[in-house]
Each structure stands twice: as structure tokens, then as C-alpha cells.
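Here the structure is laid out as C-alpha cells; the discussion comes afterwards.
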Amino acid sequence: MPAPRRIHFAGGPWSGKTTAARRVGATLGLPVFHLDYEWLDTAASAHLDDEATLAVMADRVEEYARGDAWMSEGAFIGWVTPLLQRADLIVWLQVSRPVAGYRVLRRHLQAELRGDNPFPGWRKFYRFWRWTDRFYTNTNPPGLNPWGTPNTLATLTTVLAAYGDKVVACRSVEDEALTGRLQEEPA
């Protein structure tokens with residue numbers, strides 16, 4: 001069986017999707033489509049409201065999914081169905097609630113110190129940290145938020161379950177469950 005050439009990274013907030021996609025993309029020589037960054041760039045540069053940004057992003061996802069070899073990653077799940085359907089492999093990064101909480105704090109502090117935090121301020125940090133905690137404890141309202149991000153781990157679990165054997169659950173890019181699936185199997 002050939003190594004996968006279309007890979008999507010999914011997971012909760014601060015699960016390591018971006019880091020993992022960058023590493024694996026560099027190793028396999030695949031271009032990486034960072035959904036979160038694309039969303040922020042599209043909304044900011046074109047001064048679009050959320051509905052218009054969703055429409056632009058849905059078109060980009062359709063185009064990107066038609067490619068023969070790619071990687072994609074991001075928290076969004078509601079409007080990335082073409083990527084999930086076309087993916088040879090969906091990597092579901094699963095981290096614990098304490099790990100996610102630590103990562104959100106660390107990244108916020110680092111960005112504040114560098115002066116390039118796209119979400120500056122401690123009030124924003126607290127709201128996002130609290131939302132992240134509720135994601136992992138399934139105490140946010142179920143379903144997707146208006147931007148297509150799952151509000152709870154249970155919602156993400158339900159969405160990914162529809163893709164069966166294409167989904168590999170792991171804790172990091174070093175996880176054997178993932179490394180085994182990235183290798184080309186001899187004929």
C-alpha cells in the first residue's frame with residue numbers, strides 16, 4: 001500500500017496540529033494548508049465578516065481538496081468536509097486537558113513577550129483558556145460554533161467517527177500509530 005499523499009490533521013485546541021503538520025509535511029515533501037492562518041488572513045486582509053469569510057474558505061477548501069498531494073490542519077471541522085472525504089489519512093491528535101492548558105498559556109506568554117500576539121490581552125487569554133478547558137471537559141454547548149469549530153471533544157469525536165479506518169488517533173508525530181501509517185508498505 002502506498003504512503004498517504006493527502007493527510008488532514010485534526011484535534012482539539014493546542015493539540016499540536018500545526019507543529020505536527022509542519023514536521024510531517026517537511027518530511028514527506030507535501031505542501032501544508034494551515035486552515036487557522038488562512039481564516040485569519042482572509043478575514044483581516046479582505047475585511048470580511050464571518051459569513052463572507054466562510055464562503056471564501058469553503059471555495060479554497062474545495063480547490064485544495066482536488067489536489068493529488070497535500071496536508072491540511074486546523075481546528076475547523078464544519079466546512080472542511082471535502083478535505084476529510086479526500087484525505088487518505090486523518091491524523092487525530094489527542095492530548096490531555098492539562099497539556100492543552102499548559103500550551104495555551106505558554107504560547108500566549110511567548111507571543112506577548114515577542115509583541116506579535118494576534119489575540120493580545122489577558123482577558124482574551126482567559127476567555128480562550130476557559131473555552132479550551134470546557135472543550136476538553138465537554139461542558140461547552142454541543143455542536144459546532146459559528147465558525148465551524150467543534151465546541152466539545154465529544155462533537156469532534158462524533159464527526160471523525162464517520163471516517164472510520166482513515167482516522168488514526170495519536171498523541172504526537174512520534175506515535176507509532178502514525179509513523180506506521182506514513183510508511184509505504186512493500187507490495
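Chain lettering (A, B, ...) mirrors the order of the C-alpha cells, residue numbering begins at 1 for each chain separately, and ligand numbering begins at 1 in order of display.
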
Skip region 115-124 of chain A itself and residues of its chain fewer than 5 positions away, then list as an mmCIF file with N, CA, C and O atoms, in the first residue's frame all residues within 12 Å of it, counting only C-alpha atoms.
data_model
loop_
_atom_site.group_PDB
_atom_site.id
_atom_site.type_symbol
_atom_site.label_atom_id
_atom_site.label_comp_id
_atom_site.auth_asym_id
_atom_site.auth_seq_id
_atom_site.Cartn_x
_atom_site.Cartn_y
_atom_site.Cartn_z
ATOM 1 N N ASP A 36 -6.325 27.601 10.052
ATOM 2 C CA ASP A 36 -6.480 28.699 11.019
ATOM 3 C C ASP A 36 -5.842 29.980 10.495
ATOM 4 O O ASP A 36 -6.425 31.059 10.579
ATOM 5 N N TYR A 37 -4.622 29.861 9.967
ATOM 6 C CA TYR A 37 -3.933 31.040 9.439
ATOM 7 C C TYR A 37 -4.646 31.590 8.212
ATOM 8 O O TYR A 37 -4.747 32.795 8.028
ATOM 9 N N LEU A 40 -7.693 33.578 9.399
ATOM 10 C CA LEU A 40 -7.329 34.883 9.958
ATOM 11 C C LEU A 40 -6.852 35.842 8.873
ATOM 12 O O LEU A 40 -7.237 37.016 8.861
ATOM 13 N N ASP A 41 -6.031 35.361 7.947
ATOM 14 C CA ASP A 41 -5.532 36.213 6.860
ATOM 15 C C ASP A 41 -6.657 36.663 5.946
ATOM 16 O O ASP A 41 -6.716 37.823 5.535
ATOM 17 N N ALA A 44 -8.958 39.221 7.817
ATOM 18 C CA ALA A 44 -8.288 40.508 8.083
ATOM 19 C C ALA A 44 -7.964 41.264 6.806
ATOM 20 O O ALA A 44 -8.226 42.464 6.696
ATOM 21 N N VAL A 104 -1.635 26.556 25.881
ATOM 22 C CA VAL A 104 -2.283 27.839 25.609
ATOM 23 C C VAL A 104 -1.618 28.946 26.430
ATOM 24 O O VAL A 104 -1.386 30.042 25.921
ATOM 25 N N LEU A 105 -1.269 28.654 27.664
ATOM 26 C CA LEU A 105 -0.585 29.648 28.496
ATOM 27 C C LEU A 105 0.812 29.956 27.941
ATOM 28 O O LEU A 105 1.185 31.124 27.783
ATOM 29 N N ARG A 106 1.564 28.928 27.651
ATOM 30 C CA ARG A 106 2.921 29.115 27.132
ATOM 31 C C ARG A 106 2.929 29.925 25.843
ATOM 32 O O ARG A 106 3.699 30.869 25.686
ATOM 33 N N ARG A 107 2.059 29.568 24.905
ATOM 34 C CA ARG A 107 2.031 30.292 23.629
ATOM 35 C C ARG A 107 1.604 31.741 23.802
ATOM 36 O O ARG A 107 2.112 32.626 23.139
ATOM 37 N N HIS A 108 0.641 31.964 24.667
ATOM 38 C CA HIS A 108 0.190 33.331 24.904
ATOM 39 C C HIS A 108 1.326 34.162 25.505
ATOM 40 O O HIS A 108 1.571 35.287 25.061
ATOM 41 N N LEU A 109 2.019 33.622 26.488
ATOM 42 C CA LEU A 109 3.140 34.332 27.101
ATOM 43 C C LEU A 109 4.239 34.623 26.079
ATOM 44 O O LEU A 109 4.758 35.743 26.020
ATOM 45 N N GLN A 110 4.578 33.627 25.276
ATOM 46 C CA GLN A 110 5.628 33.826 24.273
ATOM 47 C C GLN A 110 5.235 34.902 23.272
ATOM 48 O O GLN A 110 6.043 35.769 22.924
ATOM 49 N N TRP A 129 -8.673 30.314 27.277
ATOM 50 C CA TRP A 129 -8.271 29.221 28.164
ATOM 51 C C TRP A 129 -9.500 28.533 28.741
ATOM 52 O O TRP A 129 -9.575 27.311 28.790
ATOM 53 N N ARG A 130 -10.489 29.328 29.175
ATOM 54 C CA ARG A 130 -11.712 28.768 29.748
ATOM 55 C C ARG A 130 -12.488 27.957 28.707
ATOM 56 O O ARG A 130 -12.983 26.872 28.987
ATOM 57 N N TRP A 131 -12.574 28.488 27.474
ATOM 58 C CA TRP A 131 -13.262 27.756 26.409
ATOM 59 C C TRP A 131 -12.536 26.433 26.132
ATOM 60 O O TRP A 131 -13.166 25.389 25.966
#

Please give the complete set of residues from region 52-132 of chain A that DSSP, run on the backbone, assigns to alpha helix (DSSP H), formatted as an NGL selection string. :A and (52-65 or 81-86 or 97-114 or 122-132)

Serialized selection, C-alpha atoms, as a PDB file, in the first residue's frame:
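Saved as out32.pdb:
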ATOM      1  CA  ALA A  52     -18.237  36.025   3.715  1.00  0.00           C
ATOM      2  CA  THR A  53     -15.043  34.512   5.125  1.00  0.00           C
ATOM      3  CA  LEU A  54     -16.787  31.126   5.396  1.00  0.00           C
ATOM      4  CA  ALA A  55     -17.777  31.327   1.728  1.00  0.00           C
ATOM      5  CA  VAL A  56     -14.234  32.206   0.610  1.00  0.00           C
ATOM      6  CA  MET A  57     -12.731  29.461   2.749  1.00  0.00           C
ATOM      7  CA  ALA A  58     -15.211  26.848   1.515  1.00  0.00           C
ATOM      8  CA  ASP A  59     -14.149  27.639  -2.072  1.00  0.00           C
ATOM      9  CA  ARG A  60     -10.453  27.373  -1.148  1.00  0.00           C
ATOM     10  CA  VAL A  61     -11.020  24.060   0.624  1.00  0.00           C
ATOM     11  CA  GLU A  62     -12.821  22.648  -2.447  1.00  0.00           C
ATOM     12  CA  GLU A  63      -9.930  23.687  -4.678  1.00  0.00           C
ATOM     13  CA  TYR A  64      -7.268  22.425  -2.308  1.00  0.00           C
ATOM     14  CA  ALA A  65      -9.007  19.066  -1.807  1.00  0.00           C
ATOM     15  CA  THR A  81     -15.732  18.064   4.592  1.00  0.00           C
ATOM     16  CA  PRO A  82     -14.060  17.942   1.131  1.00  0.00           C
ATOM     17  CA  LEU A  83     -10.650  17.617   2.803  1.00  0.00           C
ATOM     18  CA  LEU A  84     -11.890  14.903   5.169  1.00  0.00           C
ATOM     19  CA  GLN A  85     -13.541  12.985   2.329  1.00  0.00           C
ATOM     20  CA  ARG A  86     -10.500  13.136   0.021  1.00  0.00           C
ATOM     21  CA  ARG A  97      -6.615  18.742  29.214  1.00  0.00           C
ATOM     22  CA  PRO A  98      -3.585  19.744  31.356  1.00  0.00           C
ATOM     23  CA  VAL A  99      -1.268  19.599  28.333  1.00  0.00           C
ATOM     24  CA  ALA A 100      -3.625  21.777  26.303  1.00  0.00           C
ATOM     25  CA  GLY A 101      -3.971  24.247  29.193  1.00  0.00           C
ATOM     26  CA  TYR A 102      -0.204  24.494  29.570  1.00  0.00           C
ATOM     27  CA  ARG A 103       0.265  25.036  25.834  1.00  0.00           C
ATOM     28  CA  VAL A 104      -2.283  27.839  25.609  1.00  0.00           C
ATOM     29  CA  LEU A 105      -0.585  29.648  28.496  1.00  0.00           C
ATOM     30  CA  ARG A 106       2.921  29.115  27.132  1.00  0.00           C
ATOM     31  CA  ARG A 107       2.031  30.292  23.629  1.00  0.00           C
ATOM     32  CA  HIS A 108       0.190  33.331  24.904  1.00  0.00           C
ATOM     33  CA  LEU A 109       3.140  34.332  27.101  1.00  0.00           C
ATOM     34  CA  GLN A 110       5.628  33.826  24.273  1.00  0.00           C
ATOM     35  CA  ALA A 111       3.552  35.865  21.832  1.00  0.00           C
ATOM     36  CA  GLU A 112       3.040  38.634  24.395  1.00  0.00           C
ATOM     37  CA  LEU A 113       6.796  38.817  25.047  1.00  0.00           C
ATOM     38  CA  ARG A 114       7.550  38.884  21.300  1.00  0.00           C
ATOM     39  CA  TRP A 122      -5.128  38.729  29.409  1.00  0.00           C
ATOM     40  CA  ARG A 123      -8.912  38.951  29.203  1.00  0.00           C
ATOM     41  CA  LYS A 124      -8.816  37.310  25.751  1.00  0.00           C
ATOM     42  CA  PHE A 125      -6.374  34.740  27.073  1.00  0.00           C
ATOM     43  CA  TYR A 126      -8.667  33.882  29.991  1.00  0.00           C
ATOM     44  CA  ARG A 127     -11.735  33.525  27.766  1.00  0.00           C
ATOM     45  CA  PHE A 128      -9.863  31.269  25.361  1.00  0.00           C
ATOM     46  CA  TRP A 129      -8.271  29.221  28.164  1.00  0.00           C
ATOM     47  CA  ARG A 130     -11.712  28.768  29.748  1.00  0.00           C
ATOM     48  CA  TRP A 131     -13.262  27.756  26.409  1.00  0.00           C
ATOM     49  CA  THR A 132     -10.400  25.277  25.868  1.00  0.00           C
TER      50      THR A 132
END

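Candidate residues A:Arg171, A:Arg5, A:Arg181, A:Arg23 were compared for distance to Ser96 (chain A), and the nearest is A:Arg171, using only C-alpha atoms.
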
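Distance annotation: of A:Trp92, A:Asn140, A:Val32, A:Pro150, the residue with the minimal separation from Val167 (chain A) is A:Trp92; atom set is only C-alpha atoms.
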
Tell me, as a PDB file with all heavy atoms, in the first residue's frame, which residues lie within 12 Å of Val159 (chain A), counting only C-alpha atoms; anything in the same chain fewer than 2 positions away does not count.
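The resulting file, selection05.pdb, is reproduced below:
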ATOM      1  N   ALA A  10      -6.371  16.763  12.610  1.00  0.00           N
ATOM      2  CA  ALA A  10      -7.486  17.280  13.403  1.00  0.00           C
ATOM      3  C   ALA A  10      -7.138  17.113  14.878  1.00  0.00           C
ATOM      4  O   ALA A  10      -6.256  16.335  15.238  1.00  0.00           O
ATOM      5  CB  ALA A  10      -8.771  16.526  13.068  1.00  0.00           C
ATOM      6  N   GLY A  11      -7.854  17.827  15.716  1.00  0.00           N
ATOM      7  CA  GLY A  11      -7.650  17.701  17.151  1.00  0.00           C
ATOM      8  C   GLY A  11      -8.225  18.900  17.861  1.00  0.00           C
ATOM      9  O   GLY A  11      -8.642  19.875  17.227  1.00  0.00           O
ATOM     10  N   PHE A  76     -10.919  23.928  12.575  1.00  0.00           N
ATOM     11  CA  PHE A  76     -12.217  23.924  11.884  1.00  0.00           C
ATOM     12  C   PHE A  76     -12.568  22.526  11.415  1.00  0.00           C
ATOM     13  O   PHE A  76     -11.727  21.780  10.952  1.00  0.00           O
ATOM     14  CB  PHE A  76     -12.180  24.865  10.678  1.00  0.00           C
ATOM     15  CG  PHE A  76     -11.813  26.272  11.045  1.00  0.00           C
ATOM     16  CD1 PHE A  76     -10.559  26.779  10.752  1.00  0.00           C
ATOM     17  CD2 PHE A  76     -12.723  27.095  11.686  1.00  0.00           C
ATOM     18  CE1 PHE A  76     -10.212  28.075  11.093  1.00  0.00           C
ATOM     19  CE2 PHE A  76     -12.392  28.390  12.030  1.00  0.00           C
ATOM     20  CZ  PHE A  76     -11.130  28.883  11.731  1.00  0.00           C
ATOM     21  N   ILE A  77     -13.821  22.180  11.510  1.00  0.00           N
ATOM     22  CA  ILE A  77     -14.280  20.877  11.060  1.00  0.00           C
ATOM     23  C   ILE A  77     -15.586  21.002  10.280  1.00  0.00           C
ATOM     24  O   ILE A  77     -15.902  20.175   9.450  1.00  0.00           O
ATOM     25  CB  ILE A  77     -14.398  19.895  12.259  1.00  0.00           C
ATOM     26  CG1 ILE A  77     -14.142  18.455  11.838  1.00  0.00           C
ATOM     27  CG2 ILE A  77     -15.708  19.991  12.956  1.00  0.00           C
ATOM     28  CD1 ILE A  77     -12.725  18.078  11.859  1.00  0.00           C
ATOM     29  N   GLY A  78     -16.325  22.081  10.495  1.00  0.00           N
ATOM     30  CA  GLY A  78     -17.649  22.237   9.907  1.00  0.00           C
ATOM     31  C   GLY A  78     -17.671  22.442   8.405  1.00  0.00           C
ATOM     32  O   GLY A  78     -18.605  22.030   7.740  1.00  0.00           O
ATOM     33  N   TRP A  79     -16.641  23.081   7.853  1.00  0.00           N
ATOM     34  CA  TRP A  79     -16.651  23.374   6.418  1.00  0.00           C
ATOM     35  C   TRP A  79     -15.464  22.747   5.686  1.00  0.00           C
ATOM     36  O   TRP A  79     -15.131  23.130   4.573  1.00  0.00           O
ATOM     37  CB  TRP A  79     -16.683  24.887   6.177  1.00  0.00           C
ATOM     38  CG  TRP A  79     -15.777  25.688   7.072  1.00  0.00           C
ATOM     39  CD1 TRP A  79     -16.111  26.242   8.277  1.00  0.00           C
ATOM     40  CD2 TRP A  79     -14.412  26.009   6.853  1.00  0.00           C
ATOM     41  NE1 TRP A  79     -15.025  26.895   8.816  1.00  0.00           N
ATOM     42  CE2 TRP A  79     -13.964  26.765   7.959  1.00  0.00           C
ATOM     43  CE3 TRP A  79     -13.507  25.747   5.825  1.00  0.00           C
ATOM     44  CZ2 TRP A  79     -12.676  27.251   8.078  1.00  0.00           C
ATOM     45  CZ3 TRP A  79     -12.205  26.229   5.941  1.00  0.00           C
ATOM     46  CH2 TRP A  79     -11.809  26.976   7.054  1.00  0.00           C
ATOM     47  N   VAL A  80     -14.835  21.744   6.303  1.00  0.00           N
ATOM     48  CA  VAL A  80     -13.699  21.087   5.663  1.00  0.00           C
ATOM     49  C   VAL A  80     -14.034  19.681   5.178  1.00  0.00           C
ATOM     50  O   VAL A  80     -13.142  18.885   4.905  1.00  0.00           O
ATOM     51  CB  VAL A  80     -12.455  21.072   6.580  1.00  0.00           C
ATOM     52  CG1 VAL A  80     -12.026  22.483   6.935  1.00  0.00           C
ATOM     53  CG2 VAL A  80     -12.691  20.246   7.827  1.00  0.00           C
ATOM     54  N   THR A  81     -15.302  19.394   5.033  1.00  0.00           N
ATOM     55  CA  THR A  81     -15.732  18.064   4.592  1.00  0.00           C
ATOM     56  C   THR A  81     -15.006  17.589   3.336  1.00  0.00           C
ATOM     57  O   THR A  81     -14.592  16.427   3.278  1.00  0.00           O
ATOM     58  CB  THR A  81     -17.267  18.035   4.390  1.00  0.00           C
ATOM     59  OG1 THR A  81     -17.875  18.418   5.627  1.00  0.00           O
ATOM     60  CG2 THR A  81     -17.754  16.671   3.976  1.00  0.00           C
ATOM     61  N   LEU A  84     -11.721  16.154   4.430  1.00  0.00           N
ATOM     62  CA  LEU A  84     -11.890  14.903   5.169  1.00  0.00           C
ATOM     63  C   LEU A  84     -12.263  13.757   4.228  1.00  0.00           C
ATOM     64  O   LEU A  84     -11.772  12.640   4.377  1.00  0.00           O
ATOM     65  CB  LEU A  84     -12.942  15.072   6.261  1.00  0.00           C
ATOM     66  CG  LEU A  84     -12.609  16.092   7.351  1.00  0.00           C
ATOM     67  CD1 LEU A  84     -13.822  16.312   8.260  1.00  0.00           C
ATOM     68  CD2 LEU A  84     -11.399  15.668   8.159  1.00  0.00           C
ATOM     69  N   GLN A  85     -13.123  14.029   3.261  1.00  0.00           N
ATOM     70  CA  GLN A  85     -13.541  12.985   2.329  1.00  0.00           C
ATOM     71  C   GLN A  85     -12.399  12.535   1.423  1.00  0.00           C
ATOM     72  O   GLN A  85     -12.262  11.354   1.138  1.00  0.00           O
ATOM     73  CB  GLN A  85     -14.711  13.483   1.478  1.00  0.00           C
ATOM     74  CG  GLN A  85     -15.991  13.614   2.256  1.00  0.00           C
ATOM     75  CD  GLN A  85     -17.103  14.264   1.455  1.00  0.00           C
ATOM     76  OE1 GLN A  85     -16.865  14.975   0.480  1.00  0.00           O
ATOM     77  NE2 GLN A  85     -18.332  14.028   1.882  1.00  0.00           N
ATOM     78  N   ILE A  90      -6.469  10.676   8.154  1.00  0.00           N
ATOM     79  CA  ILE A  90      -6.843  11.766   9.063  1.00  0.00           C
ATOM     80  C   ILE A  90      -6.141  11.478  10.386  1.00  0.00           C
ATOM     81  O   ILE A  90      -6.372  10.447  11.013  1.00  0.00           O
ATOM     82  CB  ILE A  90      -8.370  11.849   9.265  1.00  0.00           C
ATOM     83  CG1 ILE A  90      -9.069  12.121   7.934  1.00  0.00           C
ATOM     84  CG2 ILE A  90      -8.708  12.929  10.305  1.00  0.00           C
ATOM     85  CD1 ILE A  90     -10.579  11.967   7.978  1.00  0.00           C
ATOM     86  N   TRP A  92      -5.689  12.278  14.091  1.00  0.00           N
ATOM     87  CA  TRP A  92      -6.414  12.894  15.197  1.00  0.00           C
ATOM     88  C   TRP A  92      -5.465  12.977  16.378  1.00  0.00           C
ATOM     89  O   TRP A  92      -5.154  11.976  17.022  1.00  0.00           O
ATOM     90  CB  TRP A  92      -7.636  12.047  15.526  1.00  0.00           C
ATOM     91  CG  TRP A  92      -8.475  12.559  16.656  1.00  0.00           C
ATOM     92  CD1 TRP A  92      -8.383  13.760  17.289  1.00  0.00           C
ATOM     93  CD2 TRP A  92      -9.532  11.856  17.296  1.00  0.00           C
ATOM     94  NE1 TRP A  92      -9.325  13.863  18.277  1.00  0.00           N
ATOM     95  CE2 TRP A  92     -10.041  12.696  18.313  1.00  0.00           C
ATOM     96  CE3 TRP A  92     -10.095  10.613  17.116  1.00  0.00           C
ATOM     97  CZ2 TRP A  92     -11.084  12.319  19.126  1.00  0.00           C
ATOM     98  CZ3 TRP A  92     -11.140  10.227  17.934  1.00  0.00           C
ATOM     99  CH2 TRP A  92     -11.634  11.080  18.920  1.00  0.00           C
ATOM    100  N   PRO A 142     -22.919  21.562  23.005  1.00  0.00           N
ATOM    101  CA  PRO A 142     -22.514  20.603  21.970  1.00  0.00           C
ATOM    102  C   PRO A 142     -22.659  21.208  20.578  1.00  0.00           C
ATOM    103  O   PRO A 142     -23.333  22.212  20.382  1.00  0.00           O
ATOM    104  CB  PRO A 142     -23.472  19.431  22.178  1.00  0.00           C
ATOM    105  CG  PRO A 142     -24.644  20.007  22.888  1.00  0.00           C
ATOM    106  CD  PRO A 142     -24.132  21.170  23.693  1.00  0.00           C
ATOM    107  N   GLY A 143     -22.015  20.576  19.617  1.00  0.00           N
ATOM    108  CA  GLY A 143     -22.115  21.008  18.223  1.00  0.00           C
ATOM    109  C   GLY A 143     -20.940  21.868  17.807  1.00  0.00           C
ATOM    110  O   GLY A 143     -19.880  21.862  18.434  1.00  0.00           O
ATOM    111  N   LEU A 144     -21.158  22.612  16.717  1.00  0.00           N
ATOM    112  CA  LEU A 144     -20.116  23.478  16.155  1.00  0.00           C
ATOM    113  C   LEU A 144     -20.417  24.923  16.502  1.00  0.00           C
ATOM    114  O   LEU A 144     -21.572  25.319  16.589  1.00  0.00           O
ATOM    115  CB  LEU A 144     -20.061  23.332  14.630  1.00  0.00           C
ATOM    116  CG  LEU A 144     -19.816  21.923  14.087  1.00  0.00           C
ATOM    117  CD1 LEU A 144     -19.920  21.924  12.566  1.00  0.00           C
ATOM    118  CD2 LEU A 144     -18.472  21.388  14.532  1.00  0.00           C
ATOM    119  N   GLY A 148     -17.477  26.963  12.598  1.00  0.00           N
ATOM    120  CA  GLY A 148     -17.271  25.581  12.191  1.00  0.00           C
ATOM    121  C   GLY A 148     -16.282  24.809  13.043  1.00  0.00           C
ATOM    122  O   GLY A 148     -15.802  23.754  12.648  1.00  0.00           O
ATOM    123  N   THR A 149     -15.981  25.308  14.225  1.00  0.00           N
ATOM    124  CA  THR A 149     -15.083  24.620  15.148  1.00  0.00           C
ATOM    125  C   THR A 149     -15.932  23.829  16.143  1.00  0.00           C
ATOM    126  O   THR A 149     -16.913  24.353  16.658  1.00  0.00           O
ATOM    127  CB  THR A 149     -14.215  25.647  15.914  1.00  0.00           C
ATOM    128  OG1 THR A 149     -13.502  26.434  14.976  1.00  0.00           O
ATOM    129  CG2 THR A 149     -13.245  24.960  16.843  1.00  0.00           C
ATOM    130  N   PRO A 150     -15.558  22.573  16.418  1.00  0.00           N
ATOM    131  CA  PRO A 150     -16.330  21.820  17.412  1.00  0.00           C
ATOM    132  C   PRO A 150     -16.201  22.453  18.787  1.00  0.00           C
ATOM    133  O   PRO A 150     -15.112  22.832  19.199  1.00  0.00           O
ATOM    134  CB  PRO A 150     -15.710  20.423  17.378  1.00  0.00           C
ATOM    135  CG  PRO A 150     -14.387  20.579  16.719  1.00  0.00           C
ATOM    136  CD  PRO A 150     -14.436  21.804  15.879  1.00  0.00           C
ATOM    137  N   ASN A 151     -17.312  22.568  19.485  1.00  0.00           N
ATOM    138  CA  ASN A 151     -17.318  23.143  20.832  1.00  0.00           C
ATOM    139  C   ASN A 151     -16.836  22.172  21.898  1.00  0.00           C
ATOM    140  O   ASN A 151     -16.445  22.589  22.979  1.00  0.00           O
ATOM    141  CB  ASN A 151     -18.726  23.603  21.210  1.00  0.00           C
ATOM    142  CG  ASN A 151     -19.054  24.955  20.636  1.00  0.00           C
ATOM    143  OD1 ASN A 151     -18.190  25.813  20.500  1.00  0.00           O
ATOM    144  ND2 ASN A 151     -20.312  25.149  20.307  1.00  0.00           N
ATOM    145  N   THR A 152     -16.909  20.887  21.598  1.00  0.00           N
ATOM    146  CA  THR A 152     -16.550  19.880  22.593  1.00  0.00           C
ATOM    147  C   THR A 152     -15.764  18.743  21.960  1.00  0.00           C
ATOM    148  O   THR A 152     -15.854  18.493  20.752  1.00  0.00           O
ATOM    149  CB  THR A 152     -17.801  19.265  23.259  1.00  0.00           C
ATOM    150  OG1 THR A 152     -18.549  18.567  22.257  1.00  0.00           O
ATOM    151  CG2 THR A 152     -18.672  20.310  23.936  1.00  0.00           C
ATOM    152  N   LEU A 153     -15.028  18.052  22.793  1.00  0.00           N
ATOM    153  CA  LEU A 153     -14.319  16.854  22.347  1.00  0.00           C
ATOM    154  C   LEU A 153     -15.310  15.808  21.851  1.00  0.00           C
ATOM    155  O   LEU A 153     -15.049  15.104  20.875  1.00  0.00           O
ATOM    156  CB  LEU A 153     -13.472  16.316  23.501  1.00  0.00           C
ATOM    157  CG  LEU A 153     -12.602  15.105  23.230  1.00  0.00           C
ATOM    158  CD1 LEU A 153     -11.642  15.365  22.076  1.00  0.00           C
ATOM    159  CD2 LEU A 153     -11.841  14.719  24.488  1.00  0.00           C
ATOM    160  N   ALA A 154     -16.468  15.725  22.495  1.00  0.00           N
ATOM    161  CA  ALA A 154     -17.493  14.759  22.068  1.00  0.00           C
ATOM    162  C   ALA A 154     -17.963  15.055  20.645  1.00  0.00           C
ATOM    163  O   ALA A 154     -18.180  14.131  19.850  1.00  0.00           O
ATOM    164  CB  ALA A 154     -18.673  14.778  23.036  1.00  0.00           C
ATOM    165  N   THR A 155     -18.116  16.332  20.305  1.00  0.00           N
ATOM    166  CA  THR A 155     -18.522  16.695  18.939  1.00  0.00           C
ATOM    167  C   THR A 155     -17.455  16.287  17.940  1.00  0.00           C
ATOM    168  O   THR A 155     -17.759  15.695  16.892  1.00  0.00           O
ATOM    169  CB  THR A 155     -18.801  18.210  18.835  1.00  0.00           C
ATOM    170  OG1 THR A 155     -19.862  18.549  19.722  1.00  0.00           O
ATOM    171  CG2 THR A 155     -19.167  18.609  17.420  1.00  0.00           C
ATOM    172  N   LEU A 156     -16.197  16.583  18.239  1.00  0.00           N
ATOM    173  CA  LEU A 156     -15.102  16.202  17.349  1.00  0.00           C
ATOM    174  C   LEU A 156     -15.047  14.693  17.171  1.00  0.00           C
ATOM    175  O   LEU A 156     -14.895  14.185  16.049  1.00  0.00           O
ATOM    176  CB  LEU A 156     -13.772  16.730  17.882  1.00  0.00           C
ATOM    177  CG  LEU A 156     -12.539  16.394  17.060  1.00  0.00           C
ATOM    178  CD1 LEU A 156     -12.640  16.961  15.647  1.00  0.00           C
ATOM    179  CD2 LEU A 156     -11.285  16.908  17.759  1.00  0.00           C
ATOM    180  N   THR A 157     -15.232  13.968  18.257  1.00  0.00           N
ATOM    181  CA  THR A 157     -15.227  12.503  18.213  1.00  0.00           C
ATOM    182  C   THR A 157     -16.326  11.988  17.276  1.00  0.00           C
ATOM    183  O   THR A 157     -16.088  11.098  16.459  1.00  0.00           O
ATOM    184  CB  THR A 157     -15.427  11.929  19.635  1.00  0.00           C
ATOM    185  OG1 THR A 157     -14.379  12.410  20.478  1.00  0.00           O
ATOM    186  CG2 THR A 157     -15.434  10.412  19.634  1.00  0.00           C
ATOM    187  N   ALA A 161     -15.642  10.026  13.711  1.00  0.00           N
ATOM    188  CA  ALA A 161     -16.063   8.619  13.671  1.00  0.00           C
ATOM    189  C   ALA A 161     -16.622   8.234  12.306  1.00  0.00           C
ATOM    190  O   ALA A 161     -16.506   7.073  11.890  1.00  0.00           O
ATOM    191  CB  ALA A 161     -17.093   8.351  14.764  1.00  0.00           C
ATOM    192  N   ALA A 162     -17.177   9.182  11.593  1.00  0.00           N
ATOM    193  CA  ALA A 162     -17.748   8.906  10.274  1.00  0.00           C
ATOM    194  C   ALA A 162     -16.693   8.500   9.248  1.00  0.00           C
ATOM    195  O   ALA A 162     -17.033   7.959   8.196  1.00  0.00           O
ATOM    196  CB  ALA A 162     -18.507  10.137   9.774  1.00  0.00           C
ATOM    197  N   TYR A 163     -15.414   8.735   9.553  1.00  0.00           N
ATOM    198  CA  TYR A 163     -14.352   8.455   8.581  1.00  0.00           C
ATOM    199  C   TYR A 163     -13.592   7.172   8.892  1.00  0.00           C
ATOM    200  O   TYR A 163     -12.605   6.841   8.224  1.00  0.00           O
ATOM    201  CB  TYR A 163     -13.422   9.671   8.469  1.00  0.00           C
ATOM    202  CG  TYR A 163     -14.186  10.851   7.928  1.00  0.00           C
ATOM    203  CD1 TYR A 163     -14.748  11.798   8.777  1.00  0.00           C
ATOM    204  CD2 TYR A 163     -14.416  10.978   6.564  1.00  0.00           C
ATOM    205  CE1 TYR A 163     -15.500  12.852   8.282  1.00  0.00           C
ATOM    206  CE2 TYR A 163     -15.164  12.025   6.064  1.00  0.00           C
ATOM    207  CZ  TYR A 163     -15.698  12.956   6.932  1.00  0.00           C
ATOM    208  OH  TYR A 163     -16.460  13.990   6.438  1.00  0.00           O
ATOM    209  N   GLY A 164     -14.060   6.426   9.869  1.00  0.00           N
ATOM    210  CA  GLY A 164     -13.595   5.073  10.174  1.00  0.00           C
ATOM    211  C   GLY A 164     -12.102   4.842  10.146  1.00  0.00           C
ATOM    212  O   GLY A 164     -11.345   5.479  10.865  1.00  0.00           O
ATOM    213  N   VAL A 167      -8.985   7.314  10.042  1.00  0.00           N
ATOM    214  CA  VAL A 167      -8.581   8.086  11.213  1.00  0.00           C
ATOM    215  C   VAL A 167      -7.589   7.282  12.045  1.00  0.00           C
ATOM    216  O   VAL A 167      -7.838   6.124  12.376  1.00  0.00           O
ATOM    217  CB  VAL A 167      -9.803   8.460  12.088  1.00  0.00           C
ATOM    218  CG1 VAL A 167      -9.364   9.220  13.334  1.00  0.00           C
ATOM    219  CG2 VAL A 167     -10.811   9.262  11.282  1.00  0.00           C
TER     220      VAL A 167
END

Applying 9 Å and only C-alpha atoms, which residues near Leu178 (chain A) remain after dropping the ones on its own chain fewer than 6 positions away? List them as a ChimeraX atom specification. /A:91,168-170,172

With only C-alpha atoms as the basis for distance, which of A:Leu30, A:Val24, A:Leu160, A:Ala75 is at the shortest distance from Trp147 (chain A)?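 Once distances to Trp147 (chain A) are computed over only C-alpha atoms, the minimum belongs to A:Ala75.
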
Backbone-only DSSP, strand (DSSP E or B) members of chain A, as a VMD selection string: chain A and resid 6 to 11 32 to 34 70 to 73 89 to 93 144 150 167 to 170

Using only C-alpha atoms, pick whichever of A:His34, A:Phe135, A:Pro141, A:Leu93 has the shortest atom-to-atom distance to Asp175 (chain A). A:Leu93

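CA of Leu182 (chain A) is positioned 25.7 Å from CA of Glu38 (chain A).
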